[in-house]
file entry_22.cif (mmCIF, C-alpha atoms)
data_query
#
loop_
_atom_site.group_PDB
_atom_site.id
_atom_site.type_symbol
_atom_site.label_atom_id
_atom_site.label_comp_id
_atom_site.auth_asym_id
_atom_site.auth_seq_id
_atom_site.Cartn_x
_atom_site.Cartn_y
_atom_site.Cartn_z
ATOM 1 C CA MET A 1 214.356 68.168 -17.032
ATOM 2 C CA ASN A 2 211.440 65.996 -18.064
ATOM 3 C CA ALA A 3 210.503 65.871 -21.730
ATOM 4 C CA ILE A 4 207.245 67.469 -22.823
ATOM 5 C CA ILE A 5 204.950 65.066 -24.657
ATOM 6 C CA TYR A 6 203.678 67.184 -27.524
ATOM 7 C CA LYS A 7 201.744 64.339 -29.103
ATOM 8 C CA GLU A 8 200.572 61.291 -27.185
ATOM 9 C CA ARG A 9 200.607 57.818 -28.685
ATOM 10 C CA SER A 10 197.186 56.578 -29.722
ATOM 11 C CA PHE A 11 195.824 53.047 -29.961
ATOM 12 C CA PRO A 12 196.583 51.760 -33.503
ATOM 13 C CA PRO A 13 193.538 52.416 -35.732
ATOM 14 C CA ALA A 14 194.371 49.372 -37.870
ATOM 15 C CA LEU A 15 194.239 47.153 -34.784
ATOM 16 C CA GLU A 16 190.750 48.460 -33.972
ATOM 17 C CA GLY A 17 189.468 47.337 -37.362
ATOM 18 C CA LEU A 18 191.152 43.940 -37.192
ATOM 19 C CA THR A 19 189.738 43.353 -33.693
ATOM 20 C CA VAL A 20 186.247 44.150 -34.985
ATOM 21 C CA ALA A 21 186.735 41.744 -37.892
ATOM 22 C CA LEU A 22 187.819 38.930 -35.547
ATOM 23 C CA SER A 23 184.686 39.482 -33.446
ATOM 24 C CA ARG A 24 182.422 39.308 -36.508
ATOM 25 C CA LEU A 25 183.966 36.517 -38.559
ATOM 26 C CA PRO A 26 183.552 32.799 -37.844
ATOM 27 C CA GLU A 27 186.843 31.221 -36.783
ATOM 28 C CA THR A 28 186.469 28.880 -39.761
ATOM 29 C CA HIS A 29 186.552 31.777 -42.240
ATOM 30 C CA PRO A 30 189.478 31.538 -44.728
ATOM 31 C CA MET A 31 190.767 34.988 -43.728
ATOM 32 C CA TYR A 32 190.398 34.566 -39.959
ATOM 33 C CA GLY A 33 193.902 33.186 -39.355
ATOM 34 C CA LYS A 34 195.576 35.816 -41.535
ATOM 35 C CA ILE A 35 193.716 38.651 -39.804
ATOM 36 C CA LYS A 36 194.524 37.208 -36.375
ATOM 37 C CA GLN A 37 198.221 37.023 -37.257
ATOM 38 C CA ARG A 38 198.236 40.607 -38.528
ATOM 39 C CA ALA A 39 196.454 41.830 -35.391
ATOM 40 C CA ALA A 40 199.034 40.076 -33.194
ATOM 41 C CA SER A 41 201.856 41.730 -35.156
ATOM 42 C CA ILE A 42 200.403 45.240 -34.768
ATOM 43 C CA LYS A 43 199.686 44.619 -31.080
ATOM 44 C CA ALA A 44 203.294 43.527 -30.526
ATOM 45 C CA GLY A 45 204.574 46.639 -32.303
ATOM 46 C CA TYR A 46 202.342 48.845 -30.174
ATOM 47 C CA GLY A 47 203.668 47.136 -27.050
ATOM 48 C CA GLY A 48 207.226 47.862 -28.165
ATOM 49 C CA GLU A 49 206.409 51.525 -28.687
ATOM 50 C CA GLN A 50 204.828 51.686 -25.237
ATOM 51 C CA GLU A 51 208.019 50.248 -23.736
ATOM 52 C CA LEU A 52 210.014 53.087 -25.304
ATOM 53 C CA ASP A 53 207.407 55.559 -24.009
ATOM 54 C CA ARG A 54 207.884 54.168 -20.498
ATOM 55 C CA VAL A 55 211.668 54.616 -20.630
ATOM 56 C CA LEU A 56 211.479 58.171 -22.001
ATOM 57 C CA GLY A 57 208.763 59.131 -19.543
ATOM 58 C CA ASN A 58 210.941 58.150 -16.584
ATOM 59 C CA TYR A 59 214.090 59.907 -17.778
ATOM 60 C CA THR A 60 215.368 63.381 -16.891
ATOM 61 C CA PHE A 61 216.987 64.972 -19.943
ATOM 62 C CA PRO A 62 219.936 67.400 -19.746
ATOM 63 C CA MET A 63 218.274 69.795 -22.236
ATOM 64 C CA PRO A 64 214.771 70.890 -23.281
ATOM 65 C CA THR A 65 213.181 67.956 -25.101
ATOM 66 C CA HIS A 66 209.868 67.404 -26.839
ATOM 67 C CA ILE A 67 208.518 63.987 -27.774
ATOM 68 C CA LEU A 68 206.011 63.427 -30.554
ATOM 69 C CA ASN A 69 204.505 59.987 -31.154
ATOM 70 C CA ASP A 70 202.762 58.579 -34.245
ATOM 71 C CA VAL A 71 203.300 61.702 -36.341
ATOM 72 C CA SER A 72 202.087 61.535 -39.948
ATOM 73 C CA LEU A 73 203.325 64.355 -42.191
ATOM 74 C CA SER A 74 203.645 65.051 -45.898
ATOM 75 C CA SER A 75 206.565 66.259 -48.007
ATOM 76 C CA SER A 76 207.076 64.649 -51.428
ATOM 77 C CA SER A 77 204.932 61.830 -50.034
ATOM 78 C CA LEU A 78 203.217 60.895 -46.804
ATOM 79 C CA PHE A 79 205.389 59.483 -44.026
ATOM 80 C CA GLN A 80 204.890 58.328 -40.465
ATOM 81 C CA ILE A 81 207.256 58.596 -37.488
ATOM 82 C CA ASP A 82 206.957 56.096 -34.622
ATOM 83 C CA THR A 83 208.714 58.306 -32.071
ATOM 84 C CA LEU A 84 210.403 61.685 -32.607
ATOM 85 C CA ILE A 85 212.713 63.058 -29.930
ATOM 86 C CA LEU A 86 213.075 66.755 -30.672
ATOM 87 C CA THR A 87 215.754 69.030 -29.178
ATOM 88 C CA GLN A 88 217.139 72.441 -30.109
ATOM 89 C CA GLU A 89 220.209 70.665 -31.584
ATOM 90 C CA PHE A 90 218.747 67.723 -33.503
ATOM 91 C CA ALA A 91 215.733 65.551 -34.223
ATOM 92 C CA LEU A 92 216.080 61.835 -33.463
ATOM 93 C CA ILE A 93 213.686 59.480 -35.244
ATOM 94 C CA CYS A 94 213.162 56.116 -33.556
ATOM 95 C CA GLU A 95 211.939 53.243 -35.734
ATOM 96 C CA VAL A 96 210.587 50.740 -33.189
ATOM 97 C CA LYS A 97 210.451 47.002 -33.881
ATOM 98 C CA ASN A 98 209.038 44.251 -31.693
ATOM 99 C CA ILE A 99 209.328 40.986 -33.613
ATOM 100 C CA ALA A 100 209.994 37.733 -31.782
ATOM 101 C CA GLY A 101 212.485 35.136 -32.978
ATOM 102 C CA ASP A 102 215.935 35.153 -34.538
ATOM 103 C CA LEU A 103 216.175 38.234 -36.756
ATOM 104 C CA SER A 104 218.548 39.178 -39.543
ATOM 105 C CA VAL A 105 218.643 42.321 -41.666
ATOM 106 C CA THR A 106 220.002 41.999 -45.204
ATOM 107 C CA GLU A 107 221.397 44.825 -47.306
ATOM 108 C CA ASN A 108 220.683 43.514 -50.789
ATOM 109 C CA PRO A 109 217.801 43.089 -51.023
ATOM 110 C CA PRO A 110 216.896 45.304 -48.039
ATOM 111 C CA GLN A 111 214.839 43.027 -45.860
ATOM 112 C CA LEU A 112 214.290 41.817 -42.311
ATOM 113 C CA LEU A 113 214.060 38.041 -41.982
ATOM 114 C CA ARG A 114 212.627 36.245 -38.982
ATOM 115 C CA MET A 115 213.170 32.600 -38.168
ATOM 116 C CA SER A 116 210.486 31.309 -35.825
ATOM 117 C CA GLU A 117 210.926 28.466 -33.342
ATOM 118 C CA ASN A 118 209.555 25.948 -35.853
ATOM 119 C CA GLY A 119 212.125 27.016 -38.459
ATOM 120 C CA GLU A 120 209.732 29.019 -40.634
ATOM 121 C CA ILE A 121 211.326 32.092 -42.258
ATOM 122 C CA LEU A 122 209.220 35.188 -42.836
ATOM 123 C CA GLY A 123 210.234 38.419 -44.553
ATOM 124 C CA PHE A 124 209.462 41.978 -43.458
ATOM 125 C CA PRO A 125 210.465 45.421 -44.761
ATOM 126 C CA SER A 126 213.978 46.410 -43.724
ATOM 127 C CA PRO A 127 213.911 48.733 -40.690
ATOM 128 C CA ILE A 128 217.129 50.355 -41.990
ATOM 129 C CA ALA A 129 215.501 51.188 -45.333
ATOM 130 C CA GLN A 130 212.315 52.375 -43.598
ATOM 131 C CA LEU A 131 214.273 54.610 -41.253
ATOM 132 C CA THR A 132 216.456 56.050 -44.037
ATOM 133 C CA ASN A 133 213.384 56.918 -46.080
ATOM 134 C CA THR A 134 211.603 58.511 -43.114
ATOM 135 C CA CYS A 135 214.662 60.611 -42.217
ATOM 136 C CA GLN A 136 214.983 61.856 -45.799
ATOM 137 C CA LEU A 137 211.311 62.800 -46.006
ATOM 138 C CA PHE A 138 211.475 64.615 -42.669
ATOM 139 C CA GLU A 139 214.603 66.482 -43.827
ATOM 140 C CA ASP A 140 212.639 67.567 -46.912
ATOM 141 C CA TRP A 141 209.743 68.667 -44.692
ATOM 142 C CA LEU A 142 212.071 70.797 -42.553
ATOM 143 C CA SER A 143 213.897 72.208 -45.574
ATOM 144 C CA ALA A 144 210.632 73.349 -47.170
ATOM 145 C CA LYS A 145 210.034 75.408 -44.039
ATOM 146 C CA ASN A 146 213.590 76.806 -43.960
ATOM 147 C CA ILE A 147 214.401 74.971 -40.743
ATOM 148 C CA ASN A 148 218.029 73.890 -40.419
ATOM 149 C CA LEU A 149 218.119 70.978 -37.979
ATOM 150 C CA PRO A 150 220.066 67.701 -38.281
ATOM 151 C CA VAL A 151 217.833 64.628 -38.550
ATOM 152 C CA LEU A 152 219.277 61.505 -36.953
ATOM 153 C CA GLY A 153 217.790 58.044 -36.698
ATOM 154 C CA CYS A 154 218.008 54.782 -34.806
ATOM 155 C CA VAL A 155 216.282 51.423 -34.897
ATOM 156 C CA VAL A 156 214.874 50.421 -31.524
ATOM 157 C CA LEU A 157 214.414 46.760 -30.622
ATOM 158 C CA ALA A 158 211.714 46.732 -27.980
ATOM 159 C CA TYR A 159 213.161 44.043 -25.697
ATOM 160 C CA PRO A 160 216.655 42.575 -25.085
ATOM 161 C CA LYS A 161 215.290 39.073 -25.764
ATOM 162 C CA GLN A 162 215.229 39.930 -29.473
ATOM 163 C CA ARG A 163 218.297 38.548 -31.277
ATOM 164 C CA LEU A 164 219.534 40.336 -34.381
ATOM 165 C CA SER A 165 222.278 39.792 -36.931
ATOM 166 C CA ILE A 166 222.899 42.664 -39.322
ATOM 167 C CA PHE A 167 225.310 43.924 -41.961
ATOM 168 C CA LYS A 168 227.744 46.704 -41.067
ATOM 169 C CA THR A 169 225.748 49.926 -40.905
ATOM 170 C CA PRO A 170 226.187 53.380 -39.314
ATOM 171 C CA VAL A 171 222.571 53.248 -38.123
ATOM 172 C CA PRO A 172 222.466 52.619 -34.353
ATOM 173 C CA ILE A 173 220.492 49.527 -33.269
ATOM 174 C CA LEU A 174 219.428 50.144 -29.670
ATOM 175 C CA PHE A 175 217.199 48.877 -26.893
ATOM 176 C CA PRO A 176 214.837 51.394 -25.200
ATOM 177 C CA SER A 177 216.934 51.532 -22.030
ATOM 178 C CA ILE A 178 219.937 52.734 -24.090
ATOM 179 C CA ILE A 179 218.112 55.605 -25.823
ATOM 180 C CA PRO A 180 218.714 58.170 -23.015
ATOM 181 C CA GLN A 181 222.431 57.338 -23.008
ATOM 182 C CA HIS A 182 222.506 57.675 -26.802
ATOM 183 C CA ILE A 183 220.862 61.107 -26.602
ATOM 184 C CA ARG A 184 223.455 62.247 -24.067
ATOM 185 C CA SER A 185 226.250 61.026 -26.342
ATOM 186 C CA ILE A 186 225.109 63.231 -29.257
ATOM 187 C CA HIS A 187 224.178 66.246 -27.107
ATOM 188 C CA THR A 188 226.723 69.071 -27.629
ATOM 189 C CA ASN A 189 225.062 71.973 -25.804
ATOM 190 C CA HIS A 190 225.137 74.064 -28.998
ATOM 191 C CA PRO A 191 221.487 74.759 -29.843
ATOM 192 C CA LEU A 192 220.558 75.574 -33.438
ATOM 193 C CA LEU A 193 217.012 76.671 -32.639
ATOM 194 C CA SER A 194 215.974 79.432 -30.268
ATOM 195 C CA PRO A 195 213.462 78.489 -27.542
ATOM 196 C CA GLU A 196 210.742 80.213 -29.590
ATOM 197 C CA GLU A 197 211.684 78.365 -32.787
ATOM 198 C CA PHE A 198 211.857 75.100 -30.858
ATOM 199 C CA GLU A 199 208.322 75.514 -29.483
ATOM 200 C CA SER A 200 207.021 76.698 -32.846
ATOM 201 C CA LEU A 201 208.399 73.632 -34.631
ATOM 202 C CA ALA A 202 206.737 71.213 -32.220
ATOM 203 C CA ARG A 203 203.406 73.041 -32.490
ATOM 204 C CA ARG A 204 203.646 73.110 -36.293
ATOM 205 C CA MET A 205 204.230 69.370 -36.461
ATOM 206 C CA VAL A 206 201.145 68.732 -34.356
ATOM 207 C CA LYS A 207 199.120 71.132 -36.508
ATOM 208 C CA GLU A 208 200.215 69.501 -39.791
ATOM 209 C CA HIS A 209 199.811 65.945 -38.503
ATOM 210 C CA ARG A 210 197.346 63.953 -40.588
ATOM 211 C CA ALA A 211 195.529 61.265 -38.646
ATOM 212 C CA TYR A 212 195.996 57.827 -40.153
ATOM 213 C CA SER A 213 192.773 56.192 -41.336
ATOM 214 C CA PRO A 214 193.328 52.605 -42.518
ATOM 215 C CA LYS A 215 191.402 51.120 -45.391
ATOM 216 C CA PRO A 216 188.335 49.088 -44.345
ATOM 217 C CA VAL A 217 189.052 45.483 -43.461
ATOM 218 C CA ALA A 218 186.634 44.055 -46.039
ATOM 219 C CA GLU A 219 188.505 45.920 -48.786
ATOM 220 C CA ILE A 220 191.983 44.906 -47.608
ATOM 221 C CA TYR A 221 191.133 41.204 -47.381
ATOM 222 C CA SER A 222 188.470 41.076 -50.158
ATOM 223 C CA ILE A 223 185.780 39.773 -47.816
ATOM 224 C CA PRO A 224 182.132 39.977 -48.999
ATOM 225 C CA PRO A 225 179.802 41.874 -46.607
ATOM 226 C CA GLU A 226 177.619 38.809 -46.099
ATOM 227 C CA ASP A 227 180.549 36.914 -44.539
ATOM 228 C CA PHE A 228 180.500 39.122 -41.443
ATOM 229 C CA LEU A 229 178.176 38.378 -38.530
ATOM 230 C CA THR A 230 175.522 41.025 -38.019
ATOM 231 C CA GLY A 231 173.818 42.324 -34.882
ATOM 232 C CA VAL A 232 174.518 44.654 -31.983
ATOM 233 C CA ALA A 233 177.146 43.408 -29.525
ATOM 234 C CA CYS A 234 176.522 43.445 -25.780
ATOM 235 C CA PRO A 235 178.858 45.888 -23.983
ATOM 236 C CA ALA A 236 179.032 43.487 -21.020
ATOM 237 C CA CYS A 237 179.538 39.989 -22.489
ATOM 238 C CA HIS A 238 180.309 41.002 -26.116
ATOM 239 C CA ALA A 239 177.811 38.496 -27.542
ATOM 240 C CA LEU A 240 176.130 39.555 -30.767
ATOM 241 C CA GLY A 241 172.366 39.682 -31.066
ATOM 242 C CA MET A 242 171.035 42.260 -28.597
ATOM 243 C CA MET A 243 167.301 42.806 -29.093
ATOM 244 C CA LYS A 244 165.708 46.254 -29.360
ATOM 245 C CA ASN A 245 162.779 46.728 -26.994
ATOM 246 C CA GLY A 246 161.602 50.310 -26.513
ATOM 247 C CA GLN A 247 164.581 52.486 -25.632
ATOM 248 C CA PHE A 248 166.691 49.535 -24.466
ATOM 249 C CA TRP A 249 168.887 46.977 -26.142
ATOM 250 C CA ASN A 250 168.512 43.692 -24.227
ATOM 251 C CA CYS A 251 171.122 40.938 -24.253
ATOM 252 C CA PRO A 252 169.589 37.433 -24.341
ATOM 253 C CA SER A 253 172.893 35.938 -23.165
ATOM 254 C CA CYS A 254 173.614 37.882 -19.951
ATOM 255 C CA ARG A 255 170.435 39.988 -19.527
ATOM 256 C CA ASN A 256 172.410 43.221 -19.685
ATOM 257 C CA ARG A 257 170.511 46.318 -20.871
ATOM 258 C CA SER A 258 171.884 49.297 -22.764
ATOM 259 C CA THR A 259 170.555 52.402 -24.478
ATOM 260 C CA THR A 260 173.725 53.086 -26.481
ATOM 261 C CA ALA A 261 175.020 49.658 -27.625
ATOM 262 C CA HIS A 262 174.129 50.461 -31.247
ATOM 263 C CA LYS A 263 176.789 53.198 -31.373
ATOM 264 C CA GLN A 264 179.607 50.660 -31.251
ATOM 265 C CA ALA A 265 177.887 48.653 -33.993
ATOM 266 C CA ILE A 266 177.952 51.742 -36.225
ATOM 267 C CA LEU A 267 181.677 52.157 -35.563
ATOM 268 C CA ASP A 268 182.149 48.440 -36.284
ATOM 269 C CA TRP A 269 180.492 48.883 -39.668
ATOM 270 C CA PHE A 270 182.825 51.723 -40.642
ATOM 271 C CA HIS A 271 185.881 49.693 -39.609
ATOM 272 C CA LEU A 272 184.694 46.851 -41.818
ATOM 273 C CA PHE A 273 183.316 48.663 -44.862
ATOM 274 C CA GLY A 274 184.347 52.327 -44.764
ATOM 275 C CA GLY A 275 181.144 53.872 -46.036
ATOM 276 C CA PRO A 276 178.905 55.490 -46.949
ATOM 277 C CA LEU A 277 176.438 53.833 -44.570
ATOM 278 C CA THR A 278 172.835 53.945 -45.733
ATOM 279 C CA ASN A 279 169.733 53.591 -43.594
ATOM 280 C CA LYS A 280 168.874 50.311 -45.337
ATOM 281 C CA GLU A 281 172.347 48.865 -44.758
ATOM 282 C CA TRP A 282 172.300 49.969 -41.146
ATOM 283 C CA ARG A 283 168.971 48.184 -40.550
ATOM 284 C CA ARG A 284 170.430 45.000 -42.054
ATOM 285 C CA PHE A 285 173.594 45.182 -39.995
ATOM 286 C CA CYS A 286 171.956 45.852 -36.625
ATOM 287 C CA ARG A 287 168.915 43.614 -37.345
ATOM 288 C CA VAL A 288 166.174 46.170 -36.780
ATOM 289 C CA HIS A 289 163.186 47.108 -38.926
ATOM 290 C CA CYS A 290 162.342 50.642 -37.766
ATOM 291 C CA SER A 291 163.783 53.078 -40.310
ATOM 292 C CA GLN A 292 162.968 56.070 -38.092
ATOM 293 C CA PHE A 293 165.115 54.688 -35.277
ATOM 294 C CA THR A 294 168.057 53.971 -37.577
ATOM 295 C CA ARG A 295 167.742 57.410 -39.139
ATOM 296 C CA ARG A 296 167.873 59.059 -35.685
ATOM 297 C CA THR A 297 170.922 57.039 -34.674
ATOM 298 C CA LEU A 298 172.784 58.094 -37.822
ATOM 299 C CA LEU A 299 171.879 61.752 -37.325
ATOM 300 C CA ASN A 300 172.980 61.657 -33.669
ATOM 301 C CA MET A 301 176.436 60.224 -34.423
ATOM 302 C CA ASN A 302 177.849 63.436 -35.985
ATOM 303 C CA LEU A 303 178.347 61.695 -39.316
ATOM 304 C CA VAL A 304 178.728 63.493 -42.633
ATOM 305 C CA PRO A 305 175.726 63.070 -44.988
ATOM 306 C CA VAL A 306 176.568 62.119 -48.574
ATOM 307 C CA GLY A 307 174.260 62.138 -51.610
ATOM 308 C CA ALA A 308 170.623 63.014 -52.243
ATOM 309 C CA SER A 309 168.029 62.479 -49.545
ATOM 310 C CA LYS A 310 166.495 59.404 -51.228
ATOM 311 C CA ASN A 311 169.746 57.421 -51.294
ATOM 312 C CA ARG A 312 171.639 59.347 -48.666
ATOM 313 C CA GLY A 313 174.565 57.710 -46.949
ATOM 314 C CA TYR A 314 176.730 58.771 -44.019
ATOM 315 C CA MET A 315 180.495 58.921 -43.643
ATOM 316 C CA LYS A 316 182.794 59.373 -40.678
ATOM 317 C CA GLU A 317 184.763 62.607 -40.580
ATOM 318 C CA ASN A 318 188.446 62.383 -41.589
ATOM 319 C CA SER A 319 187.877 59.119 -43.443
ATOM 320 C CA SER A 320 190.729 59.500 -45.944
ATOM 321 C CA HIS A 321 193.389 56.767 -46.081
ATOM 322 C CA ILE A 322 197.167 56.897 -45.995
#

call {"tool": "encode", "arguments": {"input": "entry_22.cif", "output": "structure tokens"}}
result
Amino acid sequence: MNAIIYKERSFPPALEGLTVALSRLPETHPMYGKIKQRAASIKAGYGGEQELDRVLGNYTFPMPTHILNDVSLSSSSLFQIDTLILTQEFALICEVKNIAGDLSVTENPPQLLRMSENGEILGFPSPIAQLTNTCQLFEDWLSAKNINLPVLGCVVLAYPKQRLSIFKTPVPILFPSIIPQHIRSIHTNHPLLSPEEFESLARRMVKEHRAYSPKPVAEIYSIPPEDFLTGVACPACHALGMMKNGQFWNCPSCRNRSTTAHKQAILDWFHLFGGPLTNKEWRRFCRVHCSQFTRRTLLNMNLVPVGASKNRGYMKENSSHI
């Protein structure tokens, strides 16, 4: 039977912010290269997760199975699960990695090392340590709800081209294509949860999921606001500097016209700076002078007003960080 996707995978919020930053920073900026490298890393990880999604989506499981992606929960601390394969017998947490090059995982200190083609060695958090911590926190989460279900884990290397050397460990290191076979190997046909409890658990996880909201890019990389390029970007050619004329935004580069291009600029601002966004700051960022227009745009974006009317700012809903 096909697995039920209880929670779809979403586009990484952190990658959205980094993409905005790359579009609004000069390539000569000191932080441009670092941000570009980080964006490439997140994009690669997302691609690896999508490869696992593809394999699981095409597989027929021998038992009822629910799949939850990008789940953020809280027990003694917040934790995030890349992919959770939930059955009535066990929960399998998949920690997905997609890092190119020759990889090695060390035990002491716990670390993942990558040697690139030019011989450069970079360090990353150990996927074994990450997975162990996530499994423990999920066990605590289940225990607090009096749910008795074994929590298993595996590290998933997105593509067979990845080469890995690792110390002896009981943690399975698998490629996506092997995951279905691994699930069959640990399936015993002795369910611990009733069908009702099984459905209830999946629904509860979705209900208690806390959407991840990354810190604003300017804060992470200590970039002054004046370093970012201002203006409204054209939805067609992506050039900055659309001009407001009546109800239309006009692009001087490709002659495209839009009535809603400013909405993306507002979202760009929140990715970069977090908030609250004031009317004055919004006029500076989108290069307009009409305070009535900017006030209307802020009111029409379903933002949350903050502060007294004279110095009122606006925040996005669910703007807390993990």

call {"tool": "resolve_selection", "arguments": {"input": "entry_22.cif", "expression": "the PyMOL selection byres ((chain A and resi 228) around 6)", "output": "PyMOL selection string"}}
result
chain A and resi 24-25+225-227+229

call {"tool": "closest_residue", "arguments": {"input": "entry_22.cif", "among": "A:Met31, A:Ile183, A:Ala14, A:Cys251", "to": "Pro224 of chain A", "atoms": "only C-alpha atoms"}}
result
A:Met31

call {"tool": "closest_residue", "arguments": {"input": "entry_22.cif", "among": "A:Ser194, A:Thr278, A:Leu18, A:Ala39", "to": "Ala308 of chain A", "atoms": "all atoms listed in the file"}}
result
A:Thr278

call {"tool": "closest_residue", "arguments": {"input": "entry_22.cif", "among": "A:Gln80, A:Ser74, A:Ser41, A:Thr230", "to": "Pro26 of chain A", "atoms": "all atoms listed in the file"}}
result
A:Thr230

call {"tool": "resolve_selection", "arguments": {"input": "entry_22.cif", "expression": "the PyMOL selection byres ((chain A and resi 82) around 9)", "output": "PyMOL selection string"}}
result
chain A and resi 9+49+68-71+80-81+83-84+93-96

call {"tool": "resolve_selection", "arguments": {"input": "entry_22.cif", "expression": "the PyMOL selection byres ((chain A and resi 269) around 10)", "output": "ChimeraX atom specification"}}
result
/A:17,20-21,216-217,225,228,230,264-268,270-277,281-282,285-286

call {"tool": "atom_distance", "arguments": {"input": "entry_22.cif", "atom1": "atom CA of Lys280 of chain A", "atom2": "atom CA of Phe248 of chain A"}}
result
21.0 Å

call {"tool": "closest_residue", "arguments": {"input": "entry_22.cif", "among": "A:Ser126, A:Gln88, A:Ser258, A:Ser76", "to": "Ser143 of chain A", "atoms": "all atoms listed in the file"}}
result
A:Ser76

call {"tool": "closest_residue", "arguments": {"input": "entry_22.cif", "among": "A:Ile166, A:Ile178, A:Ala44, A:Cys234", "to": "Leu113 of chain A", "atoms": "only C-alpha atoms"}}
result
A:Ile166

call {"tool": "atom_distance", "arguments": {"input": "entry_22.cif", "atom1": "atom CA of Leu152 of chain A", "atom2": "atom CA of Cys135 of chain A"}}
result
7.1 Å
